[in-house]
$ cat work_6.txt   # compact mmCIF, C-alpha atoms
# COMPACT_ATOMS: atom_id res chain seq x y z
CA MET A 1 0.00 0.00 0.00
CA GLU A 2 3.05 2.28 0.25
CA SER A 3 2.58 3.42 -3.35
CA TYR A 4 -1.21 3.79 -3.31
CA PHE A 5 -1.25 7.58 -3.50
CA ASN A 6 1.93 7.86 -5.55
CA TYR A 7 0.33 5.67 -8.26
CA PHE A 8 -2.49 8.21 -8.62
CA THR A 9 -0.31 11.30 -8.64
CA GLU A 10 2.25 9.89 -11.10
CA ILE A 11 -0.49 9.04 -13.59
CA GLU A 12 -2.26 12.39 -13.22
CA GLU A 13 0.94 14.38 -13.65
CA HIS A 14 2.03 12.34 -16.67
CA PHE A 15 -1.38 12.76 -18.32
CA GLN A 16 -1.27 16.50 -17.70
CA ARG A 17 2.24 16.78 -19.17
CA ARG A 18 1.24 14.95 -22.33
CA ARG A 19 -1.94 16.97 -22.70
CA GLY A 20 -0.02 20.20 -22.17
CA THR A 21 -2.55 21.77 -19.80
CA LEU A 22 -3.36 21.49 -16.09
CA LEU A 23 -6.62 19.55 -16.46
CA LEU A 24 -7.99 18.16 -13.19
CA LEU A 25 -9.04 14.55 -13.53
CA SER A 26 -12.72 13.69 -13.19
CA THR A 27 -14.32 11.29 -10.72
CA LEU A 28 -14.46 8.68 -13.48
CA ASP A 29 -10.76 9.20 -14.21
CA TRP A 30 -9.89 8.59 -10.56
CA ALA A 31 -12.08 5.48 -10.49
CA LEU A 32 -10.38 4.22 -13.64
CA ILE A 33 -6.92 4.69 -12.12
CA GLU A 34 -8.00 2.82 -9.00
CA SER A 35 -9.35 -0.05 -11.09
CA TRP A 36 -6.00 -0.28 -12.89
CA LYS A 37 -4.13 -0.37 -9.60
CA ASP A 38 -6.38 -2.98 -8.03
CA ALA A 39 -6.17 -5.08 -11.20
CA GLY A 40 -2.38 -5.13 -10.78
CA ILE A 41 -1.54 -3.05 -13.85
CA PRO A 42 2.00 -1.69 -13.32
CA LEU A 43 2.55 2.05 -13.24
CA GLU A 44 4.98 1.60 -16.15
CA ALA A 45 2.19 0.12 -18.28
CA VAL A 46 -0.15 3.03 -17.55
CA LEU A 47 2.47 5.66 -18.40
CA ARG A 48 3.46 3.78 -21.55
CA GLY A 49 -0.17 3.46 -22.61
CA ILE A 50 -0.75 7.19 -22.12
CA ASP A 51 2.33 7.96 -24.23
CA THR A 52 1.20 5.63 -27.03
CA ALA A 53 -2.30 7.11 -27.08
CA PHE A 54 -0.99 10.68 -27.26
CA ASP A 55 1.66 9.77 -29.86
CA ARG A 56 -1.12 8.47 -32.10
CA TRP A 57 -3.26 11.53 -31.44
CA GLU A 58 -0.37 13.84 -32.34
CA ARG A 59 0.08 12.08 -35.70
CA ARG A 60 -3.49 12.88 -36.70
CA PRO A 61 -3.74 15.47 -39.48
CA SER A 62 -6.70 17.11 -37.71
CA LYS A 63 -6.77 17.71 -33.97
CA THR A 64 -10.05 19.55 -33.53
CA ARG A 65 -10.89 17.61 -30.35
CA LYS A 66 -8.79 17.66 -27.19
CA VAL A 67 -8.09 14.57 -25.13
CA ASN A 68 -10.23 15.30 -22.08
CA GLY A 69 -10.09 12.09 -20.08
CA LEU A 70 -7.99 9.06 -19.23
CA ALA A 71 -10.61 6.68 -20.63
CA TRP A 72 -9.37 7.73 -24.09
CA CYS A 73 -6.06 6.01 -23.23
CA SER A 74 -7.55 2.87 -21.64
CA GLN A 75 -7.10 0.47 -24.59
CA GLU A 76 -3.45 1.40 -24.93
CA VAL A 77 -2.92 1.00 -21.19
CA LEU A 78 -4.32 -2.55 -21.32
CA ALA A 79 -2.20 -3.32 -24.38
CA ALA A 80 0.93 -2.09 -22.59
CA ALA A 81 0.06 -4.23 -19.56
CA GLU A 82 -0.22 -7.29 -21.82
CA GLN A 83 3.13 -6.52 -23.42
CA ILE A 84 4.86 -6.21 -20.05
CA ALA A 85 3.26 -9.43 -18.74
CA GLU A 86 4.25 -11.36 -21.85
CA ALA A 87 7.79 -10.01 -21.78
CA ALA A 88 8.11 -11.13 -18.16
CA VAL A 89 7.47 -14.77 -19.07
CA GLY A 90 9.34 -14.59 -22.36
CA SER A 91 6.32 -15.48 -24.46
CA ALA A 92 5.65 -14.29 -27.98
CA ARG A 93 3.18 -11.47 -28.19
CA GLN A 94 -0.25 -12.55 -29.35
CA PRO A 95 -2.69 -10.34 -31.24
CA ARG A 96 -4.54 -8.08 -28.79
CA GLU A 97 -8.24 -8.72 -28.37
CA THR A 98 -10.51 -5.94 -29.49
CA GLY A 99 -13.25 -6.92 -27.05
CA VAL A 100 -14.05 -9.11 -24.08
CA GLU A 101 -15.88 -12.38 -24.64
CA HIS A 102 -19.47 -12.40 -23.42
CA GLN A 103 -18.91 -15.60 -21.47
CA ARG A 104 -16.14 -13.99 -19.42
CA ILE A 105 -18.44 -11.09 -18.62
CA ALA A 106 -21.20 -13.49 -17.58
CA GLU A 107 -18.81 -15.29 -15.23
CA PHE A 108 -17.56 -11.99 -13.80
CA LEU A 109 -21.09 -10.73 -13.13
CA THR A 110 -22.16 -14.05 -11.60
CA ARG A 111 -19.09 -14.12 -9.35
CA ASN A 112 -19.84 -10.59 -8.16
CA ALA A 113 -23.49 -11.52 -7.53
CA GLU A 114 -22.36 -14.42 -5.34
CA GLN A 115 -20.06 -12.12 -3.34
CA PHE A 116 -22.88 -9.61 -2.89
CA GLU A 117 -25.15 -12.37 -1.59
CA ARG A 118 -22.54 -13.50 0.93
CA ALA A 119 -21.82 -9.92 1.99
CA ALA A 120 -25.53 -9.24 2.66
CA GLU A 121 -25.08 -10.79 6.11
CA ARG A 122 -22.18 -8.47 7.00
CA VAL A 123 -23.24 -5.08 5.67
CA PRO A 124 -25.14 -2.60 7.90
CA ALA A 125 -28.89 -3.20 8.07
CA GLY A 126 -29.60 -0.06 6.06
CA VAL A 127 -27.65 -1.42 3.08
CA ARG A 128 -28.95 -5.01 2.95
CA THR A 129 -31.90 -4.32 0.68
CA LEU A 130 -29.72 -2.48 -1.83
CA VAL A 131 -27.08 -5.22 -1.76
CA GLY A 132 -29.77 -7.83 -2.39
CA GLU A 133 -31.18 -5.82 -5.28
CA ASP A 134 -27.71 -5.42 -6.76
CA ALA A 135 -27.04 -9.17 -6.51
CA TYR A 136 -30.29 -9.88 -8.38
CA ALA A 137 -29.47 -7.24 -11.04
CA LEU A 138 -26.01 -8.72 -11.57
CA ARG A 139 -27.45 -12.20 -12.09
CA GLU A 140 -29.98 -10.88 -14.59
CA LEU A 141 -27.24 -9.06 -16.48
CA ALA A 142 -25.13 -12.22 -16.47
CA LYS A 143 -27.93 -14.04 -18.30
CA CYS A 144 -27.68 -11.51 -21.13
CA TYR A 145 -24.05 -12.45 -21.74
CA ALA A 146 -24.18 -16.19 -21.02
CA THR A 147 -23.39 -18.60 -23.86
CA ALA A 148 -26.69 -20.39 -23.25
CA CYS A 149 -28.64 -17.13 -23.18
CA PRO A 150 -32.43 -17.72 -23.07
CA GLU A 151 -34.25 -16.62 -26.22
CA ASN A 152 -36.43 -14.19 -24.26
CA ALA A 153 -33.50 -12.63 -22.37
CA THR A 154 -32.85 -8.89 -22.63
CA PRO A 155 -30.21 -8.09 -25.29
CA ALA A 156 -26.75 -7.68 -23.82
CA PRO A 157 -25.75 -4.04 -23.24
CA THR A 158 -22.66 -2.72 -25.02
CA MET A 159 -19.43 -2.54 -23.02
CA GLU A 160 -19.91 1.20 -22.56
CA GLU A 161 -23.51 0.75 -21.39
CA LEU A 162 -22.55 -2.00 -18.96
CA GLU A 163 -19.65 -0.01 -17.53
CA MET A 164 -21.97 2.99 -17.05
CA ARG A 165 -24.50 0.79 -15.25
CA MET A 166 -21.80 -0.64 -12.99
CA THR A 167 -20.66 2.90 -12.16
CA VAL A 168 -24.20 3.95 -11.18
CA MET A 169 -24.61 0.85 -8.99
CA GLU A 170 -21.33 1.54 -7.23
CA GLU A 171 -22.11 5.21 -6.63
CA LYS A 172 -25.43 4.31 -4.97
CA LEU A 173 -23.70 1.67 -2.88
CA PHE A 174 -20.95 4.07 -1.78
CA ALA A 175 -23.56 6.59 -0.64
CA ALA A 176 -25.48 3.93 1.31
CA LEU A 177 -22.31 2.60 2.99
CA HIS A 178 -21.24 6.11 4.03
CA THR A 179 -24.66 6.76 5.57
CA SER A 180 -24.95 3.40 7.35
CA SER A 181 -21.39 2.94 8.65
CA SER A 182 -20.57 4.16 12.14
CA ASP A 183 -18.67 7.35 12.80
CA ASP A 184 -15.89 5.32 14.44
CA GLN A 185 -15.46 3.20 11.31
CA LEU A 186 -15.32 6.22 9.03
CA LEU A 187 -12.94 8.11 11.31
CA ALA A 188 -10.58 5.11 11.54
CA ILE A 189 -10.43 4.80 7.74
CA ARG A 190 -9.96 8.56 7.35
CA ALA A 191 -7.10 8.54 9.88
CA GLN A 192 -5.40 5.67 8.03
CA ALA A 193 -5.77 7.54 4.74
CA GLU A 194 -4.33 10.73 6.21
CA ARG A 195 -1.26 8.83 7.47
CA GLU A 196 -0.61 7.21 4.10
CA LEU A 197 -1.29 10.40 2.18
CA ALA A 198 1.06 12.56 4.29
CA PRO A 199 4.23 12.03 2.15
CA TYR A 200 2.42 13.18 -1.00
CA ARG A 201 0.51 16.21 0.25
CA GLY A 202 3.20 18.68 -0.81
CA LYS A 203 2.80 17.82 -4.50
CA MET A 204 -1.00 17.76 -4.62
CA SER A 205 -3.75 20.38 -4.78
CA GLY A 206 -6.74 20.58 -2.43
CA PRO A 207 -9.15 19.05 -5.01
CA GLN A 208 -6.69 16.22 -5.66
CA ILE A 209 -6.46 15.41 -1.96
CA ASP A 210 -10.22 15.50 -1.50
CA GLN A 211 -10.78 13.19 -4.47
CA LEU A 212 -8.12 10.72 -3.33
CA LEU A 213 -9.51 10.60 0.19
CA LYS A 214 -12.97 9.92 -1.23
CA GLN A 215 -11.66 7.10 -3.43
CA TYR A 216 -9.71 5.63 -0.53
CA LEU A 217 -12.70 5.68 1.79
CA ASN A 218 -14.92 4.01 -0.81
CA LYS A 219 -12.31 1.33 -1.44
CA LYS A 220 -11.87 0.54 2.25
CA LEU A 221 -15.61 0.40 2.93
CA MET A 222 -16.06 -2.13 0.11
CA GLU A 223 -13.19 -4.20 1.50
CA LEU A 224 -14.56 -3.96 5.04
CA TYR A 225 -17.82 -5.64 4.07
CA GLY A 226 -16.41 -8.04 1.48
CA LEU A 227 -18.05 -6.34 -1.49
CA PRO A 228 -16.37 -6.63 -4.91
CA ARG A 229 -15.75 -3.74 -7.27
CA LEU A 230 -17.96 -3.86 -10.35
CA SER A 231 -15.99 -2.14 -13.11
CA LEU A 232 -15.09 -4.38 -16.05
CA TYR A 233 -11.45 -3.46 -15.46
CA TYR A 234 -11.56 -5.72 -12.40
CA MET A 235 -11.95 -8.74 -14.67
CA LEU A 236 -8.19 -8.57 -15.42
$ encode --input "work_6.txt" --output "structure tokens"
Amino acid sequence: MESYFNYFTEIEEHFQRRRGTLLLLSTLDWALIESWKDAGIPLEAVLRGIDTAFDRWERRPSKTRKVNGLAWCSQEVLAAAEQIAEAAVGSARQPRETGVEHQRIAEFLTRNAEQFERAAERVPAGVRTLVGEDAYALRELAKCYATACPENATPAPTMEELEMRMTVMEEKLFAALHTSSSDDQLLAIRAQAERELAPYRGKMSGPQIDQLLKQYLNKKLMELYGLPRLSLYYML
């Protein structure tokens, strides 16, 4: 955990340097960085992916649109992570997938539903109904992507639609956990975050610190109750 905050700041600063302007990252950008870290994607892969994405953008004859978010670099980040992993085991590089198989998504959603069902016994009483509803929703979504998908099942959402839905579910869950957790629990997590953040405060702005503390608190609350993260990046 010693590099938790440094991972965030290194990526933000590198993105800002390549973009050429001091653009504060959005909530979705911070969540994306956290998903990369928790998925075990090395910092080197993220920085390399950002460079590759901007190098390609700079070669475009027309640059009418600015790069306004880290999500624009996500495919190159994943490709860089694959390259580093393959180099580590000395294997030949295989063609990069352009998408994620539906069956893998179905398994991921089902696994998360099972974890939500188990966690329902541990979460605060005020969150149990929401956790149960989320578990049911995840199972229904899994059916859309399953190989043996029923003929009358709802069509599978696109990757972008599914990721957006997972984000909405998480945001509602974060809010419920904040409201239902005790003050002592929240204060203990906040104190831990402040200790770990201390070495990096000098190189960060107030909004950066506030956003990182929020992300850290959300992460620790999910871990406390055994709840999995829902972003598709956690399939890695």
$ residues_around --input "work_6.txt" --residues "Lys214 in chain A" --least-positions-apart "2" --cutoff "12 Å" --atoms "only C-alpha atoms" --output "ChimeraX atom specification"
/A:27,30-31,34,171,174-175,178,186,189-190,193-194,207-212,216-221
$ closest_residue --input "work_6.txt" --among "A:Leu141, A:Leu78, A:Leu173, A:Ala45" --to "Met222 in chain A" --atoms "all atoms listed in the file"
A:Leu173
$ axis_aligned_box --input "work_6.txt" --around "range 45-58 of chain A" --padding-each-side "6 Å" --output "AutoDock Vina command-line options"
--center_x 0.1 --center_y 7.0 --center_z -24.9 --size_x 18.7 --size_y 25.7 --size_z 26.8
$ atom_distance --input "work_6.txt" --atom1 "CA of Gly20 in chain A" --atom2 "CA of Arg48 in chain A"
16.8 Å
$ atom_distance --input "work_6.txt" --atom1 "CA of Glu44 in chain A" --atom2 "CA of Ala81 in chain A"
8.4 Å
$ closest_residue --input "work_6.txt" --among "A:Ile41, A:Leu24, A:Val131, A:Leu224" --to "Glu82 in chain A" --atoms "all atoms listed in the file"
A:Ile41
$ closest_residue --input "work_6.txt" --among "A:Pro157, A:Gly126, A:Gly132, A:Gly49" --to "Trp36 in chain A" --atoms "all atoms listed in the file"
A:Gly49
$ closest_residue --input "work_6.txt" --among "A:Tyr145, A:Thr167, A:Glu161, A:Ser182" --to "Glu101 in chain A" --atoms "only C-alpha atoms"
A:Tyr145
$ decode --input "work_6.txt" --residues "range 100-120 of chain A" --atoms "N, CA and C atoms" --output "PDB file, in the first residue's frame"
ATOM      1  N   VAL A 100     -14.045  -8.073 -25.114  1.00  0.00           N
ATOM      2  CA  VAL A 100     -14.051  -9.107 -24.080  1.00  0.00           C
ATOM      3  C   VAL A 100     -15.183 -10.075 -24.366  1.00  0.00           C
ATOM      4  N   GLU A 101     -14.877 -11.375 -24.320  1.00  0.00           N
ATOM      5  CA  GLU A 101     -15.881 -12.377 -24.636  1.00  0.00           C
ATOM      6  C   GLU A 101     -17.065 -12.276 -23.680  1.00  0.00           C
ATOM      7  N   HIS A 102     -18.256 -12.485 -24.229  1.00  0.00           N
ATOM      8  CA  HIS A 102     -19.467 -12.403 -23.420  1.00  0.00           C
ATOM      9  C   HIS A 102     -19.457 -13.414 -22.284  1.00  0.00           C
ATOM     10  N   GLN A 103     -18.906 -14.591 -22.521  1.00  0.00           N
ATOM     11  CA  GLN A 103     -18.909 -15.598 -21.469  1.00  0.00           C
ATOM     12  C   GLN A 103     -18.072 -15.158 -20.276  1.00  0.00           C
ATOM     13  N   ARG A 104     -16.968 -14.493 -20.525  1.00  0.00           N
ATOM     14  CA  ARG A 104     -16.144 -13.992 -19.418  1.00  0.00           C
ATOM     15  C   ARG A 104     -16.900 -12.949 -18.616  1.00  0.00           C
ATOM     16  N   ILE A 105     -17.642 -12.105 -19.317  1.00  0.00           N
ATOM     17  CA  ILE A 105     -18.436 -11.086 -18.620  1.00  0.00           C
ATOM     18  C   ILE A 105     -19.509 -11.755 -17.772  1.00  0.00           C
ATOM     19  N   ALA A 106     -20.168 -12.782 -18.329  1.00  0.00           N
ATOM     20  CA  ALA A 106     -21.202 -13.493 -17.577  1.00  0.00           C
ATOM     21  C   ALA A 106     -20.627 -14.099 -16.300  1.00  0.00           C
ATOM     22  N   GLU A 107     -19.449 -14.685 -16.397  1.00  0.00           N
ATOM     23  CA  GLU A 107     -18.806 -15.288 -15.227  1.00  0.00           C
ATOM     24  C   GLU A 107     -18.424 -14.221 -14.203  1.00  0.00           C
ATOM     25  N   PHE A 108     -17.933 -13.090 -14.690  1.00  0.00           N
ATOM     26  CA  PHE A 108     -17.557 -11.993 -13.803  1.00  0.00           C
ATOM     27  C   PHE A 108     -18.770 -11.453 -13.051  1.00  0.00           C
ATOM     28  N   LEU A 109     -19.872 -11.246 -13.759  1.00  0.00           N
ATOM     29  CA  LEU A 109     -21.091 -10.730 -13.135  1.00  0.00           C
ATOM     30  C   LEU A 109     -21.665 -11.733 -12.141  1.00  0.00           C
ATOM     31  N   THR A 110     -21.641 -13.007 -12.495  1.00  0.00           N
ATOM     32  CA  THR A 110     -22.157 -14.052 -11.598  1.00  0.00           C
ATOM     33  C   THR A 110     -21.305 -14.131 -10.335  1.00  0.00           C
ATOM     34  N   ARG A 111     -19.991 -14.072 -10.509  1.00  0.00           N
ATOM     35  CA  ARG A 111     -19.086 -14.120  -9.349  1.00  0.00           C
ATOM     36  C   ARG A 111     -19.340 -12.942  -8.409  1.00  0.00           C
ATOM     37  N   ASN A 112     -19.546 -11.765  -8.983  1.00  0.00           N
ATOM     38  CA  ASN A 112     -19.839 -10.594  -8.157  1.00  0.00           C
ATOM     39  C   ASN A 112     -21.185 -10.733  -7.450  1.00  0.00           C
ATOM     40  N   ALA A 113     -22.180 -11.301  -8.152  1.00  0.00           N
ATOM     41  CA  ALA A 113     -23.492 -11.521  -7.527  1.00  0.00           C
ATOM     42  C   ALA A 113     -23.365 -12.438  -6.317  1.00  0.00           C
ATOM     43  N   GLU A 114     -22.563 -13.486  -6.450  1.00  0.00           N
ATOM     44  CA  GLU A 114     -22.358 -14.420  -5.335  1.00  0.00           C
ATOM     45  C   GLU A 114     -21.700 -13.724  -4.149  1.00  0.00           C
ATOM     46  N   GLN A 115     -20.721 -12.857  -4.421  1.00  0.00           N
ATOM     47  CA  GLN A 115     -20.056 -12.125  -3.345  1.00  0.00           C
ATOM     48  C   GLN A 115     -21.014 -11.143  -2.678  1.00  0.00           C
ATOM     49  N   PHE A 116     -21.880 -10.508  -3.463  1.00  0.00           N
ATOM     50  CA  PHE A 116     -22.879  -9.607  -2.891  1.00  0.00           C
ATOM     51  C   PHE A 116     -23.827 -10.381  -1.982  1.00  0.00           C
ATOM     52  N   GLU A 117     -24.234 -11.560  -2.402  1.00  0.00           N
ATOM     53  CA  GLU A 117     -25.153 -12.370  -1.591  1.00  0.00           C
ATOM     54  C   GLU A 117     -24.509 -12.779  -0.275  1.00  0.00           C
ATOM     55  N   ARG A 118     -23.231 -13.139  -0.320  1.00  0.00           N
ATOM     56  CA  ARG A 118     -22.539 -13.497   0.927  1.00  0.00           C
ATOM     57  C   ARG A 118     -22.352 -12.281   1.827  1.00  0.00           C
ATOM     58  N   ALA A 119     -22.068 -11.138   1.214  1.00  0.00           N
ATOM     59  CA  ALA A 119     -21.821  -9.916   1.989  1.00  0.00           C
ATOM     60  C   ALA A 119     -23.092  -9.366   2.631  1.00  0.00           C
ATOM     61  N   ALA A 120     -24.261  -9.769   2.141  1.00  0.00           N
ATOM     62  CA  ALA A 120     -25.527  -9.235   2.662  1.00  0.00           C
ATOM     63  C   ALA A 120     -25.662  -9.461   4.163  1.00  0.00           C
TER      64      ALA A 120
END
